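Asks: Starting off with a structure, shown below.
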Amino acid sequence: MQRLWWHDAVIYHVYPRSFLDTDGDGVGDLPGVRRRLPYLARLGVDALWLSPFFASPMADFGYDVRDHTAVDPLFGDLDDFDELLDAAHGHGLRVLIDYVPNHTSDQHRWFQDSRADPHGPRRDWYVWRDPAPGGAPPNNWITLFGDSAWTWDDATRQYYLHSFLPSMPDLDWRNPAVQDAMFDVARFWLDRGVDGFRVDCAPLIAKDPALRDNPPSAAGSSAHHRSMGGFDDQIHLHDQGHPDLHPRYRDVRALLDSYGKPGDRVALGEVHEYDWPAWSRYFGRDLDELHLPINFGLLGVTWQPQAIGGTIRAILDAVPAGATVTWVMGSHDDPRVASRVGPSQAANAMLLLLTLPGTAILYNGDELGMPDAAVPPDRIRDPWGLRTPALSRDHARSPMPWSSHSDSPSAGFTPTGVEPWLPITIPPGGTVQAQEADRTSPLSFTRDLLALRRTTAALRRGTIAFLDAPDGVLAYTRSDGSEADLLITLNLTDLPVPIDRLLSQRPPRERLLSTARTADAGRGADPTVLAPGEGVVWSAETRGQTDRQDG
Ligand code: GLC
């Protein structure tokens with residue numbers, strides 16, 4: 001099979017608001033991303049994915065798009081985007097951008113036209129329905145926040161559908177005019193040279209055409225990693241994931257393939273589907289839909305070897321032959337991984353993310369071991385958090401701390417004296433500047449790990465096999481016929497664990513890389529003991545060599 005750039009890429013997810021503010025408004029911008037490209041190139045990632053920077057009233061910080069083909073002045077302008085894209089390509093970095101097909105802002109011209117005239121040409125670009133008898137919403141669909149997904153429009157006496165905030169109406173993808181308009185949006189950015197898209201809320205673009213009620217779910221039946229109150233009291237059978245989405249994603253794929261060589265431009269998909277066979281349908285029956293449907297399996301997993309190994313195996317079993325799996329440990333929507341697994345396991349989480357087969361998405365700040373930020377109630381900005389504090393995503397969006405805190409209260413995120421839009425959090429390992437200078441820092445570890453991944457074919461394209469291991473240890477090999485396979489061992493406990501028996505099954509040649517960056521990490525002198533919380537990549541003899549020696 002021909003290798004394409006994204007088959008083993010590490011994609012760095014930039015949340016532009018929180019990356020680097022160059023114009024002093026407290027919010028990150030595109031020139032800020034451009035200024036930090038050398039940092040990303042040095043880190044050793046292959047691509048970046050930018051969360052939305054399009055014109056928006058920012059009710060959902062850009063996921064509420066007012067104009068798909070304009071840059072919001074907060075972030076700069078189209079020239080800034082073009083310069084960023086060119087500069088990234090100059091560094092050998094691909095650029096993916098967000099593509100938000102399911103909804104727009106209510107301030108988008110399409111919705112303003114739609115709302116203005118019940119008989120106008122754009123009325124049916126969105127989902128409008130008469131009330132149920134008695135005036136109630138047309139069905140029982142609800143948003144993540146637990147309230148009705150329908151909002152009444154007094155002027156035109158109908159309800160419109162919105163999967164998220166009332167100010168984010170859902171487009172009707174059953175309407176060919178909507179498909180055409182959204183394909184024009186994709187072409188606009190492909191023509192400028194983007195390397196692909198991350199498709200927001202991919203399952204939502206096809207719903208039950210008859211808009212039937214969702215059935216109730218048994219309590220606690222949802223596998224979703226976020227608690228969403230009433231949202232989980234329904235099985236989301238009819239408000240997302242209708243099979244009619246497949247032809248749409250075949251069209252998206254065909255469009256991407258029409259640019260350059262097929263496979264050059266790629267679609268990541270945000271797919272919150274935890275039934276892995278159902279999730280895998282987003283690849284398409286002939287691998288002709290989304291290249292990389294993201295699985296969120298590692299975000300909610302219990303941090304324990306059986307649970308992690310079981311989840312990974314279940315996902316890999318569901319991946320169709322020839323397809324590439326994509327792993328993610330953190331995002332702008334989820335609690336920070338360093339807080340989820342705890343500071344002593346954060347490096348293990350990074351080691352796991354970057355040693356699994358396929359593509360990995362690294363969320364900005366996770367390379368620093370960034371924990372959840374403490375955001376006081378009066379600083380909450382996330383609309384989800386303002387409605388339901390437990391759903392707030394601000395703690396995962398705190399600005400990147402670039403330089404010394406004592407020189408600049410905003411740690412170099414904003415020009416001196418400018419208050420950042422969210423409070424600055426300094427991770428335990430320090431700012432970027434401090435971590436660059438410290439070879440024991442999470443940043444140095446991530447960089448070394450990425451370098452190892454880049455230079456080791458077994459890590460990039462080897463198969464994976466899980467091994468029996470002592471309690472509390474996750475162990476697997478990555479093997480590629482052409483060179484020595486690798487053994488990865490993660491101690492998920494706070495105690496030292498001897499793994500000499502595991503090592504004697506496949507004699508290790510050496511420790512290639514360890515999360516324990518100081519000489520004495522609590523393991524003593526014995527290299528066959530894993531220190532508390534230690535993860536190690538071992539070079540191991542191949543089966544062939546072992547056999548030869550034995551014989
Ligand atoms: C996706 C985005 C999230 C956004 C939502 C609505 O889940 O990741 O940030 O709020 O879609 O667009």
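Chain identifiers are assigned as A, B, and so on, following the order in which chains appear in the structure tokens; residues are numbered from 1 within each chain, and ligands are numbered from 1 in order of appearance.
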Using DSSP on the backbone, list every residue of segment 414-550 of chain A that comes out as helix (DSSP H, G or I), and give them as a count of residues only.

Replies: 38

Asks: Write out as a PDB file with all heavy atoms, in the first residue's frame each polymer residue whose atoms come within 12 Å of Pro243 of chain A, counting only C-alpha atoms; drop sequence neighbours fewer than 5 positions from it.

Replies:
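Listing of part_24.pdb after writing:
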```pdb
ATOM      1  N   PRO A 203     -21.361  13.404  12.741  1.00  0.00           N
ATOM      2  CA  PRO A 203     -22.603  12.612  12.669  1.00  0.00           C
ATOM      3  C   PRO A 203     -23.878  13.435  12.547  1.00  0.00           C
ATOM      4  O   PRO A 203     -24.943  12.897  12.232  1.00  0.00           O
ATOM      5  CB  PRO A 203     -22.624  11.855  14.011  1.00  0.00           C
ATOM      6  CG  PRO A 203     -21.218  11.884  14.510  1.00  0.00           C
ATOM      7  CD  PRO A 203     -20.645  13.187  14.009  1.00  0.00           C
ATOM      8  N   LEU A 204     -23.787  14.743  12.789  1.00  0.00           N
ATOM      9  CA  LEU A 204     -25.030  15.506  12.929  1.00  0.00           C
ATOM     10  C   LEU A 204     -25.671  15.917  11.606  1.00  0.00           C
ATOM     11  O   LEU A 204     -26.827  16.337  11.591  1.00  0.00           O
ATOM     12  CB  LEU A 204     -24.785  16.770  13.774  1.00  0.00           C
ATOM     13  CG  LEU A 204     -24.477  16.542  15.254  1.00  0.00           C
ATOM     14  CD1 LEU A 204     -24.486  17.863  16.006  1.00  0.00           C
ATOM     15  CD2 LEU A 204     -25.491  15.608  15.887  1.00  0.00           C
ATOM     16  N   ILE A 205     -24.946  15.796  10.504  1.00  0.00           N
ATOM     17  CA  ILE A 205     -25.507  16.378   9.273  1.00  0.00           C
ATOM     18  C   ILE A 205     -26.646  15.549   8.682  1.00  0.00           C
ATOM     19  O   ILE A 205     -27.293  15.992   7.742  1.00  0.00           O
ATOM     20  CB  ILE A 205     -24.436  16.640   8.191  1.00  0.00           C
ATOM     21  CG1 ILE A 205     -23.806  15.338   7.708  1.00  0.00           C
ATOM     22  CG2 ILE A 205     -23.380  17.622   8.683  1.00  0.00           C
ATOM     23  CD1 ILE A 205     -23.116  15.490   6.360  1.00  0.00           C
ATOM     24  N   ALA A 206     -26.881  14.343   9.193  1.00  0.00           N
ATOM     25  CA  ALA A 206     -28.064  13.614   8.697  1.00  0.00           C
ATOM     26  C   ALA A 206     -28.876  13.110   9.887  1.00  0.00           C
ATOM     27  O   ALA A 206     -28.387  12.371  10.735  1.00  0.00           O
ATOM     28  CB  ALA A 206     -27.646  12.454   7.802  1.00  0.00           C
ATOM     29  N   LYS A 207     -30.128  13.560   9.896  1.00  0.00           N
ATOM     30  CA  LYS A 207     -31.075  13.204  10.959  1.00  0.00           C
ATOM     31  C   LYS A 207     -32.246  12.473  10.333  1.00  0.00           C
ATOM     32  O   LYS A 207     -32.406  12.461   9.111  1.00  0.00           O
ATOM     33  CB  LYS A 207     -31.538  14.475  11.675  1.00  0.00           C
ATOM     34  CG  LYS A 207     -30.378  15.201  12.383  1.00  0.00           C
ATOM     35  CD  LYS A 207     -30.589  16.691  12.482  1.00  0.00           C
ATOM     36  CE  LYS A 207     -29.435  17.369  13.204  1.00  0.00           C
ATOM     37  NZ  LYS A 207     -28.854  18.481  12.433  1.00  0.00           N
ATOM     38  N   ASP A 208     -33.060  11.896  11.174  1.00  0.00           N
ATOM     39  CA  ASP A 208     -34.231  11.190  10.678  1.00  0.00           C
ATOM     40  C   ASP A 208     -35.107  12.146   9.857  1.00  0.00           C
ATOM     41  O   ASP A 208     -35.514  13.196  10.361  1.00  0.00           O
ATOM     42  CB  ASP A 208     -35.014  10.652  11.884  1.00  0.00           C
ATOM     43  CG  ASP A 208     -36.275   9.939  11.454  1.00  0.00           C
ATOM     44  OD1 ASP A 208     -36.245   9.266  10.404  1.00  0.00           O
ATOM     45  OD2 ASP A 208     -37.297  10.063  12.160  1.00  0.00           O
ATOM     46  N   PRO A 209     -35.402  11.788   8.587  1.00  0.00           N
ATOM     47  CA  PRO A 209     -36.202  12.720   7.769  1.00  0.00           C
ATOM     48  C   PRO A 209     -37.596  12.949   8.348  1.00  0.00           C
ATOM     49  O   PRO A 209     -38.170  14.025   8.163  1.00  0.00           O
ATOM     50  CB  PRO A 209     -36.278  12.044   6.392  1.00  0.00           C
ATOM     51  CG  PRO A 209     -35.665  10.695   6.524  1.00  0.00           C
ATOM     52  CD  PRO A 209     -34.960  10.610   7.854  1.00  0.00           C
ATOM     53  N   LEU A 237     -30.923   8.288  18.644  1.00  0.00           N
ATOM     54  CA  LEU A 237     -31.141   7.428  17.484  1.00  0.00           C
ATOM     55  C   LEU A 237     -31.544   8.231  16.257  1.00  0.00           C
ATOM     56  O   LEU A 237     -31.121   7.930  15.151  1.00  0.00           O
ATOM     57  CB  LEU A 237     -32.258   6.435  17.847  1.00  0.00           C
ATOM     58  CG  LEU A 237     -32.617   5.369  16.829  1.00  0.00           C
ATOM     59  CD1 LEU A 237     -31.426   4.439  16.611  1.00  0.00           C
ATOM     60  CD2 LEU A 237     -33.832   4.566  17.327  1.00  0.00           C
ATOM     61  N   HIS A 238     -32.340   9.261  16.469  1.00  0.00           N
ATOM     62  CA  HIS A 238     -32.923   9.949  15.313  1.00  0.00           C
ATOM     63  C   HIS A 238     -32.356  11.350  15.060  1.00  0.00           C
ATOM     64  O   HIS A 238     -32.577  11.902  13.988  1.00  0.00           O
ATOM     65  CB  HIS A 238     -34.442  10.051  15.481  1.00  0.00           C
ATOM     66  CG  HIS A 238     -35.123   8.713  15.462  1.00  0.00           C
ATOM     67  ND1 HIS A 238     -34.886   7.769  14.485  1.00  0.00           N
ATOM     68  CD2 HIS A 238     -36.018   8.162  16.328  1.00  0.00           C
ATOM     69  CE1 HIS A 238     -35.626   6.682  14.726  1.00  0.00           C
ATOM     70  NE2 HIS A 238     -36.313   6.896  15.836  1.00  0.00           N
ATOM     71  N   ARG A 248     -23.046  11.934   1.547  1.00  0.00           N
ATOM     72  CA  ARG A 248     -22.480  13.284   1.716  1.00  0.00           C
ATOM     73  C   ARG A 248     -20.971  13.195   1.920  1.00  0.00           C
ATOM     74  O   ARG A 248     -20.197  13.944   1.341  1.00  0.00           O
ATOM     75  CB  ARG A 248     -23.120  13.990   2.911  1.00  0.00           C
ATOM     76  CG  ARG A 248     -24.625  14.236   2.824  1.00  0.00           C
ATOM     77  CD  ARG A 248     -24.998  15.222   1.743  1.00  0.00           C
ATOM     78  NE  ARG A 248     -24.997  14.630   0.407  1.00  0.00           N
ATOM     79  CZ  ARG A 248     -25.961  13.837  -0.082  1.00  0.00           C
ATOM     80  NH1 ARG A 248     -27.012  13.523   0.643  1.00  0.00           N
ATOM     81  NH2 ARG A 248     -25.861  13.348  -1.316  1.00  0.00           N
ATOM     82  N   TYR A 249     -20.550  12.249   2.788  1.00  0.00           N
ATOM     83  CA  TYR A 249     -19.106  12.163   3.044  1.00  0.00           C
ATOM     84  C   TYR A 249     -18.371  11.531   1.860  1.00  0.00           C
ATOM     85  O   TYR A 249     -17.187  11.807   1.664  1.00  0.00           O
ATOM     86  CB  TYR A 249     -18.827  11.464   4.385  1.00  0.00           C
ATOM     87  CG  TYR A 249     -19.203  12.387   5.530  1.00  0.00           C
ATOM     88  CD1 TYR A 249     -20.034  11.986   6.571  1.00  0.00           C
ATOM     89  CD2 TYR A 249     -18.761  13.715   5.523  1.00  0.00           C
ATOM     90  CE1 TYR A 249     -20.398  12.861   7.584  1.00  0.00           C
ATOM     91  CE2 TYR A 249     -19.129  14.599   6.527  1.00  0.00           C
ATOM     92  CZ  TYR A 249     -19.943  14.172   7.553  1.00  0.00           C
ATOM     93  OH  TYR A 249     -20.300  15.053   8.537  1.00  0.00           O
ATOM     94  N   ALA A 278     -20.159   0.971  14.809  1.00  0.00           N
ATOM     95  CA  ALA A 278     -20.921   2.087  14.231  1.00  0.00           C
ATOM     96  C   ALA A 278     -19.966   3.235  13.885  1.00  0.00           C
ATOM     97  O   ALA A 278     -20.083   3.869  12.820  1.00  0.00           O
ATOM     98  CB  ALA A 278     -21.997   2.565  15.211  1.00  0.00           C
ATOM     99  N   ARG A 281     -18.101   3.012  10.542  1.00  0.00           N
ATOM    100  CA  ARG A 281     -18.800   3.249   9.260  1.00  0.00           C
ATOM    101  C   ARG A 281     -18.434   4.591   8.637  1.00  0.00           C
ATOM    102  O   ARG A 281     -18.655   4.801   7.445  1.00  0.00           O
ATOM    103  CB  ARG A 281     -20.312   3.172   9.468  1.00  0.00           C
ATOM    104  CG  ARG A 281     -20.765   1.726   9.570  1.00  0.00           C
ATOM    105  CD  ARG A 281     -22.266   1.570   9.778  1.00  0.00           C
ATOM    106  NE  ARG A 281     -22.478   0.405  10.619  1.00  0.00           N
ATOM    107  CZ  ARG A 281     -23.249   0.358  11.706  1.00  0.00           C
ATOM    108  NH1 ARG A 281     -23.946   1.427  12.044  1.00  0.00           N
ATOM    109  NH2 ARG A 281     -23.340  -0.733  12.419  1.00  0.00           N
ATOM    110  N   TYR A 282     -17.867   5.488   9.445  1.00  0.00           N
ATOM    111  CA  TYR A 282     -17.502   6.800   8.888  1.00  0.00           C
ATOM    112  C   TYR A 282     -16.306   6.727   7.939  1.00  0.00           C
ATOM    113  O   TYR A 282     -16.021   7.673   7.220  1.00  0.00           O
ATOM    114  CB  TYR A 282     -17.250   7.808  10.015  1.00  0.00           C
ATOM    115  CG  TYR A 282     -18.548   8.213  10.675  1.00  0.00           C
ATOM    116  CD1 TYR A 282     -19.155   7.399  11.635  1.00  0.00           C
ATOM    117  CD2 TYR A 282     -19.198   9.379  10.297  1.00  0.00           C
ATOM    118  CE1 TYR A 282     -20.358   7.748  12.213  1.00  0.00           C
ATOM    119  CE2 TYR A 282     -20.400   9.736  10.871  1.00  0.00           C
ATOM    120  CZ  TYR A 282     -20.980   8.917  11.830  1.00  0.00           C
ATOM    121  OH  TYR A 282     -22.180   9.260  12.386  1.00  0.00           O
ATOM    122  N   GLY A 284     -16.384   4.711   5.531  1.00  0.00           N
ATOM    123  CA  GLY A 284     -17.029   4.348   4.265  1.00  0.00           C
ATOM    124  C   GLY A 284     -16.767   2.889   3.938  1.00  0.00           C
ATOM    125  O   GLY A 284     -15.718   2.344   4.264  1.00  0.00           O
ATOM    126  N   ARG A 285     -17.739   2.289   3.264  1.00  0.00           N
ATOM    127  CA  ARG A 285     -17.630   0.855   2.978  1.00  0.00           C
ATOM    128  C   ARG A 285     -16.391   0.554   2.133  1.00  0.00           C
ATOM    129  O   ARG A 285     -15.714  -0.426   2.337  1.00  0.00           O
ATOM    130  CB  ARG A 285     -18.900   0.366   2.286  1.00  0.00           C
ATOM    131  CG  ARG A 285     -19.096  -1.123   2.430  1.00  0.00           C
ATOM    132  CD  ARG A 285     -20.450  -1.557   1.922  1.00  0.00           C
ATOM    133  NE  ARG A 285     -21.535  -1.061   2.759  1.00  0.00           N
ATOM    134  CZ  ARG A 285     -22.734  -0.706   2.285  1.00  0.00           C
ATOM    135  NH1 ARG A 285     -22.993  -0.766   0.986  1.00  0.00           N
ATOM    136  NH2 ARG A 285     -23.673  -0.289   3.087  1.00  0.00           N
TER     137      ARG A 285
END
```

Asks: Please return as a ChimeraX atom specification the residues found within 8 Å of ligand 1, counting only C-alpha atoms and all ligand atoms.

Replies: /A:60-61,63-64,100,102-103,164,200-201,270,331-333

Asks: Using Å and a single decimal, report how far atom CA of Ala347 of chain A sits from atom CA of Arg523 of chain A.

Replies: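 These two atoms are separated by 16.7 Å.
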
Asks: Which residues are near segment 473-490 of chain A? Cut-off 7 Å, only C-alpha atoms, ignore same chain within fewer than 6 positions. Put them as a PyMOL selection string.

Replies: chain A and resi 305+348+457-459+461-467+534-542

Asks: The selected residues should be written to file as a short mmCIF file (atom, residue, chain, number, x, y, z; two decimals), in the first residue's frame (atoms: N, CA, C and O atoms).

Replies:
```cif
data_model
loop_
_atom_site.label_atom_id
_atom_site.label_comp_id
_atom_site.auth_asym_id
_atom_site.auth_seq_id
_atom_site.Cartn_x
_atom_site.Cartn_y
_atom_site.Cartn_z
N PRO A 305 -4.59 -0.82 33.17
CA PRO A 305 -4.13 -1.55 31.97
C PRO A 305 -5.23 -2.32 31.23
O PRO A 305 -5.31 -2.23 30.00
N ASN A 348 3.09 9.24 30.79
CA ASN A 348 2.65 7.94 30.26
C ASN A 348 1.54 8.12 29.23
O ASN A 348 1.48 7.40 28.22
N ALA A 457 10.75 3.07 12.18
CA ALA A 457 9.66 2.58 11.33
C ALA A 457 8.67 1.74 12.13
O ALA A 457 7.46 1.80 11.88
N ALA A 458 9.16 0.97 13.11
CA ALA A 458 8.23 0.13 13.88
C ALA A 458 7.18 0.98 14.59
O ALA A 458 6.02 0.58 14.72
N LEU A 459 7.59 2.16 15.07
CA LEU A 459 6.63 3.04 15.75
C LEU A 459 5.69 3.69 14.75
O LEU A 459 4.54 3.98 15.06
N ARG A 461 4.83 2.51 11.59
CA ARG A 461 3.90 1.69 10.82
C ARG A 461 3.85 0.24 11.26
O ARG A 461 3.28 -0.60 10.58
N GLY A 462 4.45 -0.06 12.42
CA GLY A 462 4.44 -1.45 12.88
C GLY A 462 3.08 -1.89 13.37
O GLY A 462 2.21 -1.08 13.67
N THR A 463 2.92 -3.20 13.46
CA THR A 463 1.70 -3.74 14.06
C THR A 463 1.85 -3.69 15.58
O THR A 463 2.95 -3.53 16.10
N ILE A 464 0.74 -3.83 16.27
CA ILE A 464 0.76 -3.78 17.73
C ILE A 464 0.31 -5.12 18.29
O ILE A 464 -0.57 -5.77 17.70
N ALA A 465 0.94 -5.56 19.38
CA ALA A 465 0.49 -6.76 20.08
C ALA A 465 0.62 -6.51 21.58
O ALA A 465 1.64 -5.99 22.04
N PHE A 466 -0.44 -6.85 22.31
CA PHE A 466 -0.41 -6.65 23.77
C PHE A 466 0.18 -7.89 24.43
O PHE A 466 -0.04 -9.01 23.98
N LEU A 467 0.94 -7.67 25.51
CA LEU A 467 1.59 -8.78 26.23
C LEU A 467 1.02 -8.89 27.63
O LEU A 467 0.55 -7.90 28.20
N GLU A 534 6.46 5.12 35.74
CA GLU A 534 7.42 5.20 34.63
C GLU A 534 6.93 4.45 33.39
O GLU A 534 6.42 3.33 33.46
N GLY A 535 7.13 5.04 32.25
CA GLY A 535 6.88 4.37 30.97
C GLY A 535 8.20 4.28 30.22
O GLY A 535 9.00 5.23 30.27
N VAL A 536 8.44 3.16 29.57
CA VAL A 536 9.72 2.97 28.88
C VAL A 536 9.47 2.40 27.48
O VAL A 536 8.62 1.51 27.31
N VAL A 537 10.21 2.89 26.53
CA VAL A 537 10.28 2.24 25.21
C VAL A 537 11.59 1.47 25.19
O VAL A 537 12.66 2.04 25.42
N TRP A 538 11.49 0.15 24.95
CA TRP A 538 12.67 -0.71 24.91
C TRP A 538 12.89 -1.16 23.48
O TRP A 538 11.95 -1.56 22.80
N SER A 539 14.14 -1.15 23.06
CA SER A 539 14.42 -1.84 21.81
C SER A 539 14.45 -3.33 22.18
O SER A 539 14.89 -3.68 23.27
N ALA A 540 13.94 -4.16 21.33
CA ALA A 540 13.87 -5.58 21.67
C ALA A 540 14.36 -6.38 20.49
O ALA A 540 14.24 -5.94 19.34
N GLU A 541 14.88 -7.55 20.78
CA GLU A 541 15.33 -8.39 19.67
C GLU A 541 14.13 -8.90 18.91
O GLU A 541 13.09 -9.17 19.48
N THR A 542 14.30 -9.03 17.62
CA THR A 542 13.20 -9.58 16.84
C THR A 542 13.10 -11.07 17.12
O THR A 542 14.06 -11.70 17.54
#
```

Asks: Closest to Thr416 of chain A among A:Ser403, A:Trp5, A:Phe19, A:Pro442, using only C-alpha atoms?

Replies: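 Going through A:Ser403, A:Trp5, A:Phe19, A:Pro442 one by one, the smallest distance to Thr416 of chain A is for A:Ser403.
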
Asks: May I have the residues within 10 Å of segment 126-133 of chain A as an MDAnalysis selection string, using only C-alpha atoms and disregarding those fewer than 2 positions away in the same chain?

Replies: chainID A and resid 102:104 110:111 114:115 118 122:124 135:139 150:153 156:162 169:175 178 211

Asks: Output the selection as a PDB file, in the first residue's frame - C-alpha atoms for each residue.

Replies:
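And here is the file that came out, out_7.pdb:
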```pdb
ATOM      1  CA  ASN A 102     -23.966  21.214  10.820  1.00  0.00           C
ATOM      2  CA  HIS A 103     -24.845  24.732  11.902  1.00  0.00           C
ATOM      3  CA  THR A 104     -24.107  28.403  11.409  1.00  0.00           C
ATOM      4  CA  TRP A 110     -28.218  32.401   5.138  1.00  0.00           C
ATOM      5  CA  PHE A 111     -30.134  32.224   8.392  1.00  0.00           C
ATOM      6  CA  SER A 114     -34.232  32.001   6.095  1.00  0.00           C
ATOM      7  CA  ARG A 115     -35.782  33.597   9.148  1.00  0.00           C
ATOM      8  CA  PRO A 118     -41.221  31.752   5.386  1.00  0.00           C
ATOM      9  CA  ARG A 122     -33.556  30.219   1.830  1.00  0.00           C
ATOM     10  CA  ARG A 123     -36.332  29.168   4.235  1.00  0.00           C
ATOM     11  CA  ASP A 124     -35.554  25.493   3.677  1.00  0.00           C
ATOM     12  CA  GLY A 135     -47.878  24.573  20.631  1.00  0.00           C
ATOM     13  CA  ALA A 136     -45.124  22.276  21.908  1.00  0.00           C
ATOM     14  CA  PRO A 137     -41.853  21.749  20.000  1.00  0.00           C
ATOM     15  CA  PRO A 138     -42.144  19.354  17.031  1.00  0.00           C
ATOM     16  CA  ASN A 139     -40.351  16.476  18.803  1.00  0.00           C
ATOM     17  CA  TRP A 150     -36.217  23.776  19.032  1.00  0.00           C
ATOM     18  CA  THR A 151     -36.610  27.533  19.373  1.00  0.00           C
ATOM     19  CA  TRP A 152     -39.830  29.334  18.572  1.00  0.00           C
ATOM     20  CA  ASP A 153     -39.684  32.211  16.121  1.00  0.00           C
ATOM     21  CA  THR A 156     -42.831  33.548  11.407  1.00  0.00           C
ATOM     22  CA  ARG A 157     -44.667  31.276  13.886  1.00  0.00           C
ATOM     23  CA  GLN A 158     -42.501  28.186  13.442  1.00  0.00           C
ATOM     24  CA  TYR A 159     -39.787  26.403  15.388  1.00  0.00           C
ATOM     25  CA  TYR A 160     -36.218  26.032  14.098  1.00  0.00           C
ATOM     26  CA  LEU A 161     -33.816  23.256  15.044  1.00  0.00           C
ATOM     27  CA  HIS A 162     -30.463  23.728  16.794  1.00  0.00           C
ATOM     28  CA  PRO A 169     -29.333  26.937  13.932  1.00  0.00           C
ATOM     29  CA  ASP A 170     -28.787  23.589  12.178  1.00  0.00           C
ATOM     30  CA  LEU A 171     -28.500  23.632   8.389  1.00  0.00           C
ATOM     31  CA  ASP A 172     -30.635  21.174   6.440  1.00  0.00           C
ATOM     32  CA  TRP A 173     -28.164  19.011   4.532  1.00  0.00           C
ATOM     33  CA  ARG A 174     -31.076  17.256   2.786  1.00  0.00           C
ATOM     34  CA  ASN A 175     -31.357  20.410   0.712  1.00  0.00           C
ATOM     35  CA  VAL A 178     -27.085  23.702   1.225  1.00  0.00           C
ATOM     36  CA  LEU A 211     -37.974  13.836  12.771  1.00  0.00           C
TER      37      LEU A 211
END
```

Asks: Excluding same-chain residues fewer than 5 positions from segment 45-55 of chain A, what lies within 9 Å of it counting only C-alpha atoms, as an MDAnalysis selection string?

Replies: chainID A and resid 5:6 9:17 29:30 40 61:76 88 92:100 195:198 332 361:362 447 450

Asks: So that I can check the surroundings of segment 260-263 of chain A, please list as a PyMOL selection string every protein, DNA and RNA residue that reaches within 12 Å of it, counting only C-alpha atoms and ignoring chain neighbours fewer than 6 positions away.

Replies: chain A and resi 2-7+190-191+193-196+253-254+287-292

Asks: Once you have the residues from the selection above, write them out as an mmCIF file, in the first residue's frame, restricted to C-alpha atoms.

Replies:
```
data_model
loop_
_atom_site.group_PDB
_atom_site.id
_atom_site.type_symbol
_atom_site.label_atom_id
_atom_site.label_comp_id
_atom_site.auth_asym_id
_atom_site.auth_seq_id
_atom_site.Cartn_x
_atom_site.Cartn_y
_atom_site.Cartn_z
ATOM 1 C CA GLN A 2 1.239 3.481 -0.869
ATOM 2 C CA ARG A 3 2.175 5.480 2.249
ATOM 3 C CA LEU A 4 0.510 8.880 2.468
ATOM 4 C CA TRP A 5 1.601 11.689 4.761
ATOM 5 C CA TRP A 6 -1.305 11.284 7.156
ATOM 6 C CA HIS A 7 -0.980 7.528 7.683
ATOM 7 C CA LEU A 190 -8.813 24.114 -0.747
ATOM 8 C CA ASP A 191 -8.109 26.633 -3.499
ATOM 9 C CA GLY A 193 -4.023 25.523 -0.329
ATOM 10 C CA VAL A 194 -5.210 23.988 2.941
ATOM 11 C CA ASP A 195 -4.279 20.331 3.349
ATOM 12 C CA GLY A 196 -7.645 19.300 4.663
ATOM 13 C CA ARG A 253 -13.950 12.678 -0.134
ATOM 14 C CA ALA A 254 -14.345 13.009 -3.883
ATOM 15 C CA LEU A 287 -12.792 3.604 2.493
ATOM 16 C CA ASP A 288 -14.321 6.342 0.417
ATOM 17 C CA GLU A 289 -15.665 8.655 3.141
ATOM 18 C CA LEU A 290 -13.739 10.336 5.996
ATOM 19 C CA HIS A 291 -10.050 9.436 5.953
ATOM 20 C CA LEU A 292 -9.665 9.813 9.688
#
```

Asks: Determine the nearest neighbour of Asp147 of chain A from the options A:Leu43, A:Leu449, A:Leu165, A:Leu255, counting only C-alpha atoms.

Replies: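 Of A:Leu43, A:Leu449, A:Leu165, A:Leu255, the one nearest Asp147 of chain A is A:Leu165, counting only C-alpha atoms.
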
Asks: Enumerate, as a ChimeraX atom specification, the complete set of residues in segment 316-518 of chain A that a backbone-based DSSP assignment places in strand (DSSP E or B).

Replies: /A:326-328,359-363,463-466,473-479,486-491,497-498,508-514

Asks: Neighbours of segment 433-435 of chain A within 8 Å (only C-alpha atoms; same-chain residues fewer than 4 positions away dropped), as a list of chain:residue names?

Replies: A:Leu368, A:Trp402, A:Ser403, A:Ser404, A:Gly429, A:Arg439, A:Ser441, A:Pro442, A:Leu443, A:Ser444

Asks: So how far away is atom CA of Ala323 of chain A from atom CA of Phe283 of chain A, in Å?

Replies: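 It comes out at 7.5 Å.
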
Asks: Just how far from atom CA of Ile312 of chain A is atom CA of Ile235 of chain A, in Å to one decimal?

Replies: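 Between atom CA of Ile235 of chain A and atom CA of Ile312 of chain A the gap is 24.4 Å.
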